[in-house]
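A.B. asks: Input file: query.cif. Contents: mmCIF, C-alpha atoms.
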```cif
data_protein
#
loop_
_atom_site.label_atom_id
_atom_site.label_comp_id
_atom_site.auth_asym_id
_atom_site.auth_seq_id
_atom_site.Cartn_x
_atom_site.Cartn_y
_atom_site.Cartn_z
CA MET A 62 36.86 -10.64 -1.83
CA VAL A 63 33.82 -10.39 -4.04
CA ASN A 64 31.53 -7.53 -5.06
CA VAL A 65 27.76 -7.79 -4.85
CA LEU A 66 25.18 -6.26 -7.19
CA VAL A 67 21.72 -5.82 -5.63
CA ILE A 68 19.08 -5.22 -8.30
CA GLY A 69 16.18 -2.92 -7.42
CA SER A 70 15.32 0.49 -6.02
CA GLY A 71 12.96 -0.09 -3.08
CA GLY A 72 13.15 -0.39 0.68
CA ARG A 73 13.77 -4.12 0.38
CA GLU A 74 16.86 -3.51 -1.75
CA HIS A 75 18.20 -0.85 0.63
CA ALA A 76 17.77 -3.31 3.52
CA LEU A 77 19.47 -6.15 1.59
CA SER A 78 22.36 -3.85 0.59
CA TRP A 79 22.72 -2.65 4.19
CA LYS A 80 22.87 -6.22 5.55
CA LEU A 81 25.18 -7.57 2.84
CA SER A 82 27.61 -4.66 3.30
CA GLN A 83 28.27 -6.01 6.84
CA SER A 84 29.78 -9.24 5.45
CA PRO A 85 33.59 -9.46 5.84
CA LYS A 86 33.70 -11.41 2.55
CA ILE A 87 32.27 -8.57 0.45
CA ASP A 88 34.29 -5.68 -0.90
CA THR A 89 31.66 -3.37 -2.46
CA VAL A 90 27.86 -3.59 -2.64
CA PHE A 91 26.44 -1.93 -5.76
CA THR A 92 22.71 -1.22 -6.16
CA ALA A 93 21.03 -0.88 -9.58
CA PRO A 94 19.38 1.54 -9.94
CA GLY A 95 19.19 2.15 -6.18
CA ASN A 96 17.63 5.19 -4.51
CA GLY A 97 18.52 8.27 -2.44
CA GLY A 98 19.65 6.15 0.50
CA THR A 99 21.70 3.40 -1.17
CA GLU A 100 25.41 3.77 -1.86
CA ASN A 101 27.34 2.85 -5.01
CA ASN A 102 24.29 3.29 -7.24
CA VAL A 103 24.50 2.06 -10.82
CA SER A 104 22.07 3.76 -13.20
CA ILE A 105 20.76 0.62 -14.92
CA ASN A 106 17.05 -0.19 -14.84
CA VAL A 107 15.87 -3.51 -13.41
CA ASP A 108 14.55 -4.68 -16.81
CA ASP A 109 17.78 -3.95 -18.73
CA LEU A 110 19.08 -7.50 -18.39
CA ASP A 111 21.95 -7.13 -20.88
CA SER A 112 23.47 -4.09 -19.15
CA LEU A 113 23.06 -5.68 -15.72
CA ALA A 114 24.86 -8.82 -16.90
CA ASP A 115 27.68 -6.75 -18.46
CA PHE A 116 28.13 -4.79 -15.24
CA ALA A 117 28.16 -7.95 -13.07
CA LYS A 118 30.73 -9.57 -15.35
CA LYS A 119 33.06 -6.54 -15.49
CA ASN A 120 32.91 -5.96 -11.73
CA ASN A 121 33.23 -9.56 -10.48
CA CYS A 122 29.76 -9.39 -8.89
CA PHE A 123 27.64 -11.96 -7.13
CA THR A 124 24.13 -10.69 -8.03
CA VAL A 125 21.07 -10.57 -5.77
CA VAL A 126 17.68 -9.89 -7.38
CA GLY A 127 15.25 -7.89 -5.24
CA PRO A 128 12.05 -7.27 -7.28
CA GLU A 129 9.78 -9.52 -9.29
CA ILE A 130 10.02 -7.88 -12.75
CA PRO A 131 13.57 -9.06 -13.67
CA LEU A 132 12.83 -12.53 -12.23
CA ALA A 133 9.72 -12.84 -14.41
CA ALA A 134 11.80 -11.66 -17.39
CA GLY A 135 14.31 -14.49 -16.89
CA ILE A 136 17.35 -12.65 -15.51
CA VAL A 137 18.51 -15.73 -13.56
CA ASP A 138 18.46 -17.93 -16.68
CA LYS A 139 20.44 -15.29 -18.58
CA PHE A 140 23.11 -14.97 -15.87
CA ASN A 141 23.37 -18.76 -15.52
CA GLN A 142 24.00 -19.10 -19.27
CA MET A 143 26.88 -16.61 -18.86
CA ASN A 144 28.27 -18.48 -15.81
CA LEU A 145 27.54 -15.48 -13.58
CA LYS A 146 26.54 -16.23 -9.96
CA ILE A 147 23.04 -14.93 -9.21
CA PHE A 148 20.64 -15.45 -6.31
CA GLY A 149 16.98 -15.90 -7.22
CA PRO A 150 14.57 -18.26 -9.01
CA SER A 151 14.56 -19.05 -12.73
CA LYS A 152 11.83 -17.70 -15.01
CA ASN A 153 9.93 -21.00 -14.75
CA ALA A 154 10.14 -21.01 -10.95
CA ALA A 155 9.14 -17.34 -10.75
CA GLN A 156 5.79 -18.22 -12.37
CA LEU A 157 4.62 -18.86 -8.81
CA GLU A 158 4.45 -15.07 -8.60
CA SER A 159 4.32 -13.82 -12.19
CA SER A 160 1.09 -15.71 -12.94
CA LYS A 161 -1.46 -16.13 -10.14
CA ILE A 162 -3.37 -18.52 -12.41
CA TRP A 163 -0.30 -20.70 -12.90
CA ALA A 164 0.25 -20.71 -9.13
CA LYS A 165 -3.38 -21.60 -8.32
CA ASN A 166 -3.39 -24.47 -10.83
CA PHE A 167 -0.04 -25.66 -9.45
CA MET A 168 -1.46 -25.69 -5.90
CA LYS A 169 -4.60 -27.48 -7.04
CA ARG A 170 -2.77 -30.30 -8.82
CA ASN A 171 -0.31 -30.73 -5.93
CA GLY A 172 -2.77 -30.59 -3.04
CA ILE A 173 -1.45 -27.38 -1.46
CA GLN A 174 -4.17 -25.72 0.64
CA THR A 175 -5.63 -22.61 -1.00
CA ALA A 176 -9.04 -21.01 -1.48
CA LYS A 177 -11.60 -22.41 -3.97
CA PHE A 178 -11.29 -20.54 -7.27
CA GLU A 179 -12.39 -20.15 -10.89
CA ILE A 180 -10.58 -18.45 -13.80
CA PHE A 181 -12.19 -16.00 -16.25
CA ASP A 182 -11.36 -13.81 -19.22
CA ASP A 183 -15.03 -13.00 -19.99
CA PRO A 184 -16.56 -10.37 -17.66
CA LYS A 185 -20.14 -11.60 -18.26
CA LYS A 186 -19.29 -15.18 -17.24
CA ALA A 187 -17.39 -13.92 -14.20
CA GLU A 188 -20.41 -11.82 -13.14
CA GLU A 189 -22.79 -14.76 -13.54
CA TYR A 190 -20.47 -16.92 -11.44
CA VAL A 191 -20.27 -14.31 -8.65
CA LYS A 192 -24.09 -13.99 -8.57
CA SER A 193 -24.39 -17.78 -8.14
CA LEU A 194 -22.26 -17.82 -4.95
CA ASP A 195 -23.45 -17.56 -1.36
CA TYR A 196 -20.07 -16.30 -0.05
CA ASN A 197 -17.87 -13.24 -0.59
CA VAL A 198 -14.92 -13.37 -2.98
CA VAL A 199 -11.54 -11.89 -3.79
CA VAL A 200 -10.88 -10.83 -7.39
CA LYS A 201 -7.26 -11.04 -8.58
CA ALA A 202 -5.46 -9.96 -11.73
CA ASP A 203 -3.38 -12.82 -13.15
CA GLY A 204 -0.12 -10.93 -13.74
CA LEU A 205 2.24 -8.63 -11.84
CA ALA A 206 0.60 -5.45 -10.49
CA SER A 207 3.06 -4.17 -7.84
CA GLY A 208 1.11 -5.83 -5.03
CA LYS A 209 -2.08 -3.96 -5.92
CA GLY A 210 -3.85 -6.45 -8.23
CA VAL A 211 -6.01 -7.99 -5.49
CA ILE A 212 -9.49 -6.64 -4.65
CA VAL A 213 -11.15 -7.99 -1.49
CA CYS A 214 -14.93 -7.76 -1.87
CA ASN A 215 -17.67 -7.47 0.79
CA SER A 216 -20.62 -8.07 -1.56
CA SER A 217 -21.47 -9.35 -5.04
CA ASP A 218 -21.87 -5.71 -6.19
CA GLU A 219 -18.27 -4.98 -5.12
CA ALA A 220 -17.13 -8.17 -6.87
CA ILE A 221 -18.86 -7.15 -10.12
CA ALA A 222 -17.26 -3.69 -9.88
CA ALA A 223 -13.86 -5.36 -9.39
CA ILE A 224 -14.39 -7.65 -12.39
CA ASN A 225 -15.24 -4.64 -14.57
CA SER A 226 -12.34 -2.62 -13.22
CA ILE A 227 -9.81 -5.33 -14.14
CA LEU A 228 -11.25 -7.02 -17.25
CA VAL A 229 -13.09 -4.11 -18.90
CA LYS A 230 -11.45 -0.88 -17.72
CA LYS A 231 -7.99 -2.53 -17.64
CA ALA A 232 -7.02 -1.01 -14.27
CA PHE A 233 -3.89 -3.22 -14.27
CA GLY A 234 -3.27 -3.27 -18.02
CA ASN A 235 -2.34 -6.63 -19.55
CA ALA A 236 -1.75 -8.08 -16.08
CA GLY A 237 -5.55 -8.22 -15.90
CA ASN A 238 -6.30 -10.00 -19.20
CA ARG A 239 -7.42 -12.94 -17.06
CA ILE A 240 -8.68 -12.97 -13.50
CA ILE A 241 -9.17 -15.35 -10.61
CA VAL A 242 -12.37 -15.19 -8.58
CA GLU A 243 -11.72 -17.02 -5.34
CA GLU A 244 -13.49 -17.67 -2.06
CA ARG A 245 -12.67 -15.02 0.54
CA ILE A 246 -11.12 -16.77 3.52
CA ASP A 247 -11.37 -14.65 6.64
CA GLY A 248 -8.81 -15.19 9.35
CA ILE A 249 -5.39 -13.91 10.35
CA GLU A 250 -2.89 -13.10 7.59
CA ALA A 251 0.86 -13.55 7.99
CA SER A 252 4.00 -13.78 5.86
CA TYR A 253 6.15 -16.90 5.84
CA ILE A 254 9.42 -16.63 3.93
CA ALA A 255 12.00 -19.37 3.38
CA LEU A 256 15.42 -19.43 1.74
CA CYS A 257 15.61 -22.34 -0.74
CA ASP A 258 18.16 -24.18 -2.85
CA GLY A 259 15.78 -26.49 -4.72
CA VAL A 260 15.78 -29.21 -2.05
CA THR A 261 16.29 -27.57 1.34
CA ALA A 262 14.21 -24.65 2.65
CA ILE A 263 15.42 -22.64 5.66
CA PRO A 264 12.71 -20.51 7.28
CA MET A 265 13.40 -16.84 7.88
CA ALA A 266 12.04 -15.07 10.97
CA SER A 267 8.24 -14.79 10.94
CA SER A 268 6.62 -11.47 10.07
CA GLN A 269 3.28 -9.80 9.42
CA ASP A 270 2.59 -7.19 6.74
CA HIS A 271 -0.13 -4.50 6.73
CA LYS A 272 -1.47 -4.31 3.17
CA ARG A 273 -4.29 -1.73 3.34
CA ILE A 274 -3.60 2.00 3.13
CA PHE A 275 -5.54 3.11 6.26
CA ASP A 276 -5.62 2.13 9.95
CA ASP A 277 -7.67 -0.93 10.96
CA ASP A 278 -7.07 -2.44 7.50
CA LYS A 279 -9.37 -0.03 5.69
CA GLY A 280 -9.06 1.24 2.11
CA PRO A 281 -7.38 -0.24 -0.99
CA ASN A 282 -4.47 -2.68 -1.02
CA THR A 283 -0.95 -1.27 -1.33
CA GLY A 284 2.48 -2.81 -1.70
CA GLY A 285 2.56 -2.83 2.13
CA MET A 286 2.34 -0.04 4.74
CA GLY A 287 4.44 -1.63 7.46
CA ALA A 288 5.55 -4.92 8.98
CA TYR A 289 6.95 -6.38 12.17
CA SER A 290 8.94 -9.45 13.18
CA PRO A 291 8.55 -11.90 14.85
CA THR A 292 4.76 -12.31 14.83
CA PRO A 293 2.96 -14.19 17.63
CA VAL A 294 0.37 -15.17 14.99
CA ILE A 295 2.76 -17.93 13.85
CA ASN A 296 3.62 -20.13 16.83
CA ASP A 297 6.00 -23.12 16.63
CA ILE A 298 3.23 -25.63 15.84
CA LEU A 299 1.83 -23.48 13.04
CA ALA A 300 5.32 -22.73 11.68
CA GLU A 301 5.99 -26.48 11.42
CA LYS A 302 2.66 -26.97 9.63
CA ILE A 303 3.42 -24.19 7.10
CA GLN A 304 6.96 -25.48 6.57
CA LYS A 305 5.76 -29.03 5.90
CA LYS A 306 2.39 -28.54 4.14
CA ILE A 307 3.28 -25.47 2.09
CA ILE A 308 7.00 -24.69 1.76
CA HIS A 309 8.47 -28.21 1.48
CA LYS A 310 5.51 -29.45 -0.53
CA THR A 311 5.93 -26.56 -2.98
CA ILE A 312 9.69 -27.08 -3.42
CA GLN A 313 9.24 -30.85 -3.80
CA SER A 314 6.28 -30.56 -6.18
CA MET A 315 8.17 -28.09 -8.37
CA LYS A 316 11.16 -30.46 -8.43
CA ASN A 317 8.82 -33.30 -9.47
CA GLU A 318 7.62 -31.06 -12.32
CA GLY A 319 11.20 -30.42 -13.41
CA ILE A 320 11.59 -26.95 -11.86
CA ILE A 321 14.31 -26.28 -9.28
CA PHE A 322 13.28 -23.40 -7.00
CA LYS A 323 16.25 -21.42 -5.67
CA GLY A 324 15.87 -18.12 -3.85
CA PHE A 325 13.33 -16.69 -1.43
CA LEU A 326 9.95 -18.42 -1.44
CA TYR A 327 7.34 -16.17 0.16
CA ALA A 328 3.96 -17.60 1.14
CA GLY A 329 1.28 -15.08 2.09
CA VAL A 330 -0.91 -17.26 4.29
CA MET A 331 -4.35 -16.87 5.83
CA ILE A 332 -4.82 -18.80 9.06
CA ARG A 333 -8.33 -20.10 9.69
CA ASN A 334 -9.01 -22.52 12.58
CA ASN A 335 -5.24 -23.07 12.93
CA GLU A 336 -4.98 -24.20 9.29
CA PRO A 337 -2.80 -22.21 6.82
CA TYR A 338 -4.17 -21.43 3.35
CA VAL A 339 -1.95 -19.90 0.65
CA LEU A 340 -3.29 -16.51 -0.47
CA GLU A 341 -0.36 -15.88 -2.81
CA PHE A 342 3.22 -16.84 -3.51
CA ASN A 343 6.04 -14.38 -4.14
CA ALA A 344 9.31 -15.53 -5.66
CA ARG A 345 11.38 -12.99 -3.70
CA MET A 346 11.77 -11.39 -0.28
CA GLY A 347 8.76 -9.34 0.84
CA ASP A 348 8.75 -5.57 1.07
CA PRO A 349 8.30 -4.24 3.81
CA GLU A 350 8.86 -7.58 5.63
CA CYS A 351 12.50 -7.51 4.54
CA GLN A 352 13.34 -4.45 6.64
CA PRO A 353 12.47 -5.85 10.12
CA ILE A 354 13.81 -9.30 9.15
CA MET A 355 17.22 -7.79 8.17
CA MET A 356 17.31 -5.78 11.42
CA ARG A 357 16.90 -8.99 13.47
CA MET A 358 19.27 -11.12 11.37
CA ASP A 359 22.30 -12.25 13.38
CA PHE A 360 24.28 -14.12 10.69
CA ASP A 361 26.11 -13.43 7.43
CA LEU A 362 23.39 -13.38 4.78
CA TYR A 363 25.93 -13.64 1.94
CA ASP A 364 26.97 -17.17 3.08
CA TYR A 365 23.36 -18.35 2.81
CA PHE A 366 22.88 -16.74 -0.60
CA VAL A 367 25.95 -18.58 -1.89
CA ALA A 368 24.68 -21.86 -0.38
CA SER A 369 21.30 -21.34 -2.08
CA VAL A 370 22.96 -20.90 -5.47
CA ASP A 371 25.35 -23.84 -4.90
CA GLY A 372 22.64 -26.16 -3.55
CA THR A 373 24.38 -26.62 -0.18
CA LEU A 374 21.87 -25.15 2.29
CA SER A 375 21.54 -28.48 4.13
CA SER A 376 25.12 -28.07 5.39
CA MET A 377 24.53 -24.55 6.79
CA PRO A 378 24.03 -23.89 10.51
CA THR A 379 20.58 -22.90 11.77
CA PRO A 380 20.27 -19.12 11.35
CA LYS A 381 20.45 -16.98 14.51
CA TRP A 382 18.06 -14.11 15.19
CA LYS A 383 18.22 -11.27 17.69
CA CYS A 384 15.66 -11.94 20.43
CA GLN A 385 14.37 -8.38 20.02
CA SER A 386 11.35 -7.33 17.96
CA ALA A 387 11.66 -5.08 14.91
CA VAL A 388 8.97 -2.83 13.41
CA CYS A 389 9.00 -1.10 10.01
CA ILE A 390 6.63 1.79 9.38
CA VAL A 391 6.25 2.83 5.76
CA LEU A 392 6.11 6.57 5.18
CA ALA A 393 4.21 7.21 1.96
CA SER A 394 3.25 10.25 -0.09
CA GLN A 395 -0.33 11.40 0.51
CA GLY A 396 -2.53 9.99 -2.26
CA TYR A 397 -0.72 6.64 -2.63
CA PRO A 398 -1.68 4.06 -4.02
CA GLU A 399 -3.39 6.37 -6.55
CA SER A 400 -1.70 9.66 -7.59
CA TYR A 401 0.67 11.54 -5.28
CA PRO A 402 3.14 14.45 -5.39
CA SER A 403 6.89 13.90 -5.73
CA GLY A 404 10.07 15.99 -5.62
CA GLU A 405 9.42 17.24 -2.06
CA GLU A 406 12.43 17.71 0.23
CA ILE A 407 12.63 15.32 3.20
CA THR A 408 14.38 16.40 6.41
CA GLY A 409 15.14 14.98 9.84
CA PHE A 410 17.50 12.10 8.96
CA ASP A 411 20.17 13.47 11.32
CA LEU A 412 17.73 13.24 14.28
CA ILE A 413 17.09 9.47 14.02
CA PRO A 414 17.96 7.60 17.29
CA LYS A 415 20.52 4.78 17.35
CA ASN A 416 17.93 1.98 17.70
CA ALA A 417 16.35 2.90 14.33
CA ILE A 418 17.36 2.85 10.67
CA VAL A 419 15.63 4.65 7.82
CA PHE A 420 15.52 2.46 4.72
CA HIS A 421 14.86 4.48 1.57
CA ALA A 422 12.40 3.42 -1.15
CA GLY A 423 10.89 6.19 -3.28
CA THR A 424 13.65 8.77 -2.83
CA LYS A 425 16.35 10.44 -4.91
CA LYS A 426 19.38 12.53 -4.05
CA GLN A 427 19.61 15.90 -5.78
CA ASN A 428 22.07 18.72 -4.97
CA GLY A 429 22.80 17.16 -1.59
CA LYS A 430 19.09 16.97 -0.67
CA ILE A 431 16.84 13.92 -0.36
CA LEU A 432 13.61 14.29 -2.35
CA SER A 433 10.46 12.15 -2.44
CA ASN A 434 10.31 10.10 -5.65
CA GLY A 435 7.56 7.49 -5.29
CA GLY A 436 4.45 6.32 -3.45
CA ARG A 437 6.16 4.41 -0.66
CA VAL A 438 9.01 6.74 0.27
CA LEU A 439 10.75 5.46 3.43
CA GLY A 440 10.66 2.45 5.76
CA VAL A 441 11.48 3.62 9.28
CA THR A 442 12.59 0.49 11.15
CA ALA A 443 13.43 0.12 14.84
CA LEU A 444 14.38 -2.59 17.32
CA GLY A 445 12.93 -3.00 20.81
CA ASP A 446 13.16 -5.60 23.59
CA THR A 447 9.41 -6.19 23.21
CA LEU A 448 6.99 -5.63 20.33
CA SER A 449 5.47 -2.75 22.27
CA SER A 450 8.83 -0.98 22.74
CA ALA A 451 9.80 -1.60 19.09
CA ILE A 452 6.53 0.08 18.01
CA SER A 453 7.23 3.06 20.31
CA ASN A 454 10.82 3.34 19.05
CA ALA A 455 9.73 3.19 15.40
CA TYR A 456 7.05 5.88 15.81
CA ALA A 457 9.46 8.08 17.80
CA ALA A 458 11.82 7.92 14.79
CA VAL A 459 8.92 8.55 12.37
CA ASP A 460 8.19 11.82 14.22
CA LYS A 461 11.67 13.13 13.35
CA ILE A 462 11.13 12.81 9.58
CA THR A 463 9.16 15.52 7.77
CA TRP A 464 8.05 16.49 4.27
CA PRO A 465 4.83 18.20 3.08
CA SER A 466 2.82 15.14 1.99
CA LYS A 467 4.18 12.58 4.51
CA PHE A 468 1.57 9.96 5.43
CA CYS A 469 1.65 6.73 7.45
CA ARG A 470 -0.58 4.30 9.26
CA MET A 471 -0.62 4.75 13.04
CA ASP A 472 -1.43 1.15 13.98
CA ILE A 473 1.50 -0.90 12.62
CA GLY A 474 2.18 -3.86 14.93
CA LYS A 475 -1.06 -3.42 16.90
CA LYS A 476 -2.38 -6.75 15.54
CA GLY A 477 0.57 -8.48 17.18
CA LEU A 478 -0.04 -6.79 20.54
CA SER A 479 -3.59 -8.16 20.62
CA TYR A 480 -2.08 -11.67 20.59
CA LEU A 481 0.39 -11.15 23.43
#
```
Go ahead and express the file in the form of structure tokens.
C.D. replies:
Amino acid sequence: MVNVLVIGSGGREHALSWKLSQSPKIDTVFTAPGNGGTENNVSINVDDLDSLADFAKKNNCFTVVGPEIPLAAGIVDKFNQMNLKIFGPSKNAAQLESSKIWAKNFMKRNGIQTAKFEIFDDPKKAEEYVKSLDYNVVVKADGLASGKGVIVCNSSDEAIAAINSILVKKAFGNAGNRIIVEERIDGIEASYIALCDGVTAIPMASSQDHKRIFDDDKGPNTGGMGAYSPTPVINDILAEKIQKKIIHKTIQSMKNEGIIFKGFLYAGVMIRNNEPYVLEFNARMGDPECQPIMMRMDFDLYDYFVASVDGTLSSMPTPKWKCQSAVCIVLASQGYPESYPSGEEITGFDLIPKNAIVFHAGTKKQNGKILSNGGRVLGVTALGDTLSSAISNAYAAVDKITWPSKFCRMDIGKKGLSYL
């Protein structure tokens, strides 16, 4: 028997811990630092690589990295040097996410379909460039910004405001020392996530995230306000195209450049005229896509994590998925993604029906109570025989949960229904 250490404190990490704890091969699942819903919490921050390595070594842990910050800091390289088993990409491989500029240049030199782009560190030059274009753009901060460093613009005035916000006012700190100004591709957005061992890439169930804070995709980008799986947006033909033109090409091109990509490779794709374009790469499982994907997973995830680390994914059976749909609705604190209250008591957990699970994100346990402790607080996730019934089941569970500043979108999964 082995122990597992899941690093992170969000809804993704709660979902990973929940799924891994079902494996008959695992004794205890620890979560560092965890949240109000995870068990066996270890109070070590995600960027304290030395303490995390010490804990993993002392407790015979196979480690799973949830968020991007420790990956970008090189936690996998550190663990590998200490002969500690860890699932996730190396620091070099994680550049696909930690630097949007690195990723765009990588795609350009390897012929991976993405939007036209230019790179700037001078706001005046960026403004001049925007004024010279006859199409709308997206302005992106180069570095990590918790999923919020992307501003979709509807006019050149909005683009100039975005440039100033990032480069001059430093809205995202040092993550915005350089920016990308890229062509805005309008189409249907979906998430495509694969489990990789450097050579082989096994696709996970398809999913679709809802990035904007308000219904009908209005308002600023967030880390994600809800997701569902599977999505009818990605049919079999399109899935094959994404797998071949994006996922395999990325893994192979990285290998050709001397970088072995192990872990979850997440491609945020925009589909225009049945062609997939990469909007962004993440070097880890998505959040909130993870929650519905884990709910539908019908195999032992730990076996596949081990195979990823060992480079033996090609010998693994094709993963099985429940034929039901799953929907995750993110409950946030009013005011997110800007400023929001915290420390409010949350009630109603005991009223959740059997077809739903509440994955915690921004919560903490204090004196036996669960309190809000972040912008995205909970991910209420439910199964249903159809997408429509999964949506109904998820919102029925959402209604049971209360706290003063609870807020959620009311249209999660609706995009999928319009396709069916």
A.B. asks: Skip A:Gln395 itself and residues of its chain fewer than 5 positions away, then list as an MDAnalysis selection string all residues within 10 Å of it, counting all atoms listed in the file.
C.D. replies: chainID A and resid 400:403 436:437 465:469
A.B. asks: Env of A:Lys383: 8 Å cut, atoms = all atoms listed in the file, seq-sep filter 4 positions within chain, self excluded. Answer as a list of chain:residue names.
C.D. replies: A:Arg357, A:Met358, A:Asp359
A.B. asks: Under the PyMOL selection byres ((chain A and resi 382) around 12), which residues of this model are included? Write them out as number ranges by chain.
C.D. replies: A: 264-267, 290-291, 353-362, 379-381, 383-387
A.B. asks: Keeping C-alpha atoms, export the residues of the selection given above as a PDB file, keeping the file's coordinate frame.
C.D. replies:
```pdb
ATOM      1  CA  PRO A 264      12.710 -20.510   7.280  1.00  0.00           C
ATOM      2  CA  MET A 265      13.400 -16.840   7.880  1.00  0.00           C
ATOM      3  CA  ALA A 266      12.040 -15.070  10.970  1.00  0.00           C
ATOM      4  CA  SER A 267       8.240 -14.790  10.940  1.00  0.00           C
ATOM      5  CA  SER A 290       8.940  -9.450  13.180  1.00  0.00           C
ATOM      6  CA  PRO A 291       8.550 -11.900  14.850  1.00  0.00           C
ATOM      7  CA  PRO A 353      12.470  -5.850  10.120  1.00  0.00           C
ATOM      8  CA  ILE A 354      13.810  -9.300   9.150  1.00  0.00           C
ATOM      9  CA  MET A 355      17.220  -7.790   8.170  1.00  0.00           C
ATOM     10  CA  MET A 356      17.310  -5.780  11.420  1.00  0.00           C
ATOM     11  CA  ARG A 357      16.900  -8.990  13.470  1.00  0.00           C
ATOM     12  CA  MET A 358      19.270 -11.120  11.370  1.00  0.00           C
ATOM     13  CA  ASP A 359      22.300 -12.250  13.380  1.00  0.00           C
ATOM     14  CA  PHE A 360      24.280 -14.120  10.690  1.00  0.00           C
ATOM     15  CA  ASP A 361      26.110 -13.430   7.430  1.00  0.00           C
ATOM     16  CA  LEU A 362      23.390 -13.380   4.780  1.00  0.00           C
ATOM     17  CA  THR A 379      20.580 -22.900  11.770  1.00  0.00           C
ATOM     18  CA  PRO A 380      20.270 -19.120  11.350  1.00  0.00           C
ATOM     19  CA  LYS A 381      20.450 -16.980  14.510  1.00  0.00           C
ATOM     20  CA  LYS A 383      18.220 -11.270  17.690  1.00  0.00           C
ATOM     21  CA  CYS A 384      15.660 -11.940  20.430  1.00  0.00           C
ATOM     22  CA  GLN A 385      14.370  -8.380  20.020  1.00  0.00           C
ATOM     23  CA  SER A 386      11.350  -7.330  17.960  1.00  0.00           C
ATOM     24  CA  ALA A 387      11.660  -5.080  14.910  1.00  0.00           C
TER      25      ALA A 387
END
```
A.B. asks: Any idea what the distance is between atom CA of A:Cys257 and atom CA of A:Leu157?
C.D. replies: 14.1 Å
A.B. asks: Taking all atoms listed in the file into account, name the residue in A:Asn215, A:Asn343, A:Thr442, A:Thr261 that is nearest to A:Tyr289.
C.D. replies: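 Using all atoms listed in the file, the shortest distance to A:Tyr289 belongs to A:Thr442.
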A.B. asks: From the set A:Glu129, A:Asp472, A:Asp183, A:Glu244, which residue has the shortest atom-to-atom contact distance to A:Phe342, counting only C-alpha atoms?
C.D. replies: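 Answer, going by the shortest atom-to-atom distance: A:Glu129.
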A.B. asks: Compare A:Val213, A:Ala288, A:Pro184, A:Val191 by their minimum atom-to-atom distance to A:Ile240, counting only C-alpha atoms, and give me the closest one.
C.D. replies: A:Pro184
A.B. asks: Could you write out as a PyMOL selection string the residues that the PyMOL selection byres ((chain A and resi 323-336) around 8) matches in the shown file?
C.D. replies: chain A and resi 148-151+246-259+299+307-308+321-322+337-347+366+369-370
A.B. asks: So that I can see what lies close to A:Thr92, please list as a ChimeraX atom specification the residues with an atom at most 8 Å from it, counting all atoms listed in the file and leaving out residues fewer than 3 positions away in the same chain.
C.D. replies: /A:66-70,74,78,95,99-103
A.B. asks: Kindly give the distance, in Å, that separates atom CA of A:Asn238 and atom CA of A:Phe181, rounded to a single decimal.
C.D. replies: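 Distance between the two atoms: 8.9 Å.
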A.B. asks: For a test of reading the model, state the distance in Å between atom CA of A:Trp79 and atom CA of A:Gln156, rounded to one decimal.
C.D. replies: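 These two atoms are separated by 28.3 Å.
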A.B. asks: Under the PyMOL selection byres ((chain A and resi 90) around 6), which residues of this model are included? Write them out as a compact mmCIF listing (two decimals) with C-alpha atoms, in the frame of the given file.
C.D. replies:
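File written: result.txt
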```txt
# COMPACT_ATOMS: atom_id res chain seq x y z
CA ASN A 64 31.53 -7.53 -5.06
CA VAL A 65 27.76 -7.79 -4.85
CA LEU A 66 25.18 -6.26 -7.19
CA THR A 89 31.66 -3.37 -2.46
CA PHE A 91 26.44 -1.93 -5.76
```
A.B. asks: Using only C-alpha atoms for the distances, tell me which of A:Leu448, A:Ile407, A:Ala187, A:Val211 is nearest to A:Leu432.
C.D. replies: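 Once distances to A:Leu432 are computed over only C-alpha atoms, the minimum belongs to A:Ile407.
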A.B. asks: Taking all atoms listed in the file into account, which of A:Ser217, A:Asn141, A:Asn416, A:Ser453 comes nearest A:Val199?
C.D. replies: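 Selected residue with least distance to A:Val199: A:Ser217.
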A.B. asks: Show me the residues close to (1.3, -28.8, -9.4) - anything with an atom within 12 Å, counting only C-alpha atoms - and format the list as a list in words.
C.D. replies: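 Residues found, by chain and rising number: Ala154, Gln156, Leu157, Ile162, Trp163, Ala164, Lys165, Asn166, Phe167, Met168, Lys169, Arg170, Asn171, Gly172, Ile173, Gln174, Lys310, Thr311, Ile312, Gln313, Ser314, Met315, Lys316, Asn317, Glu318, Gly319 and Ile320 of chain A.
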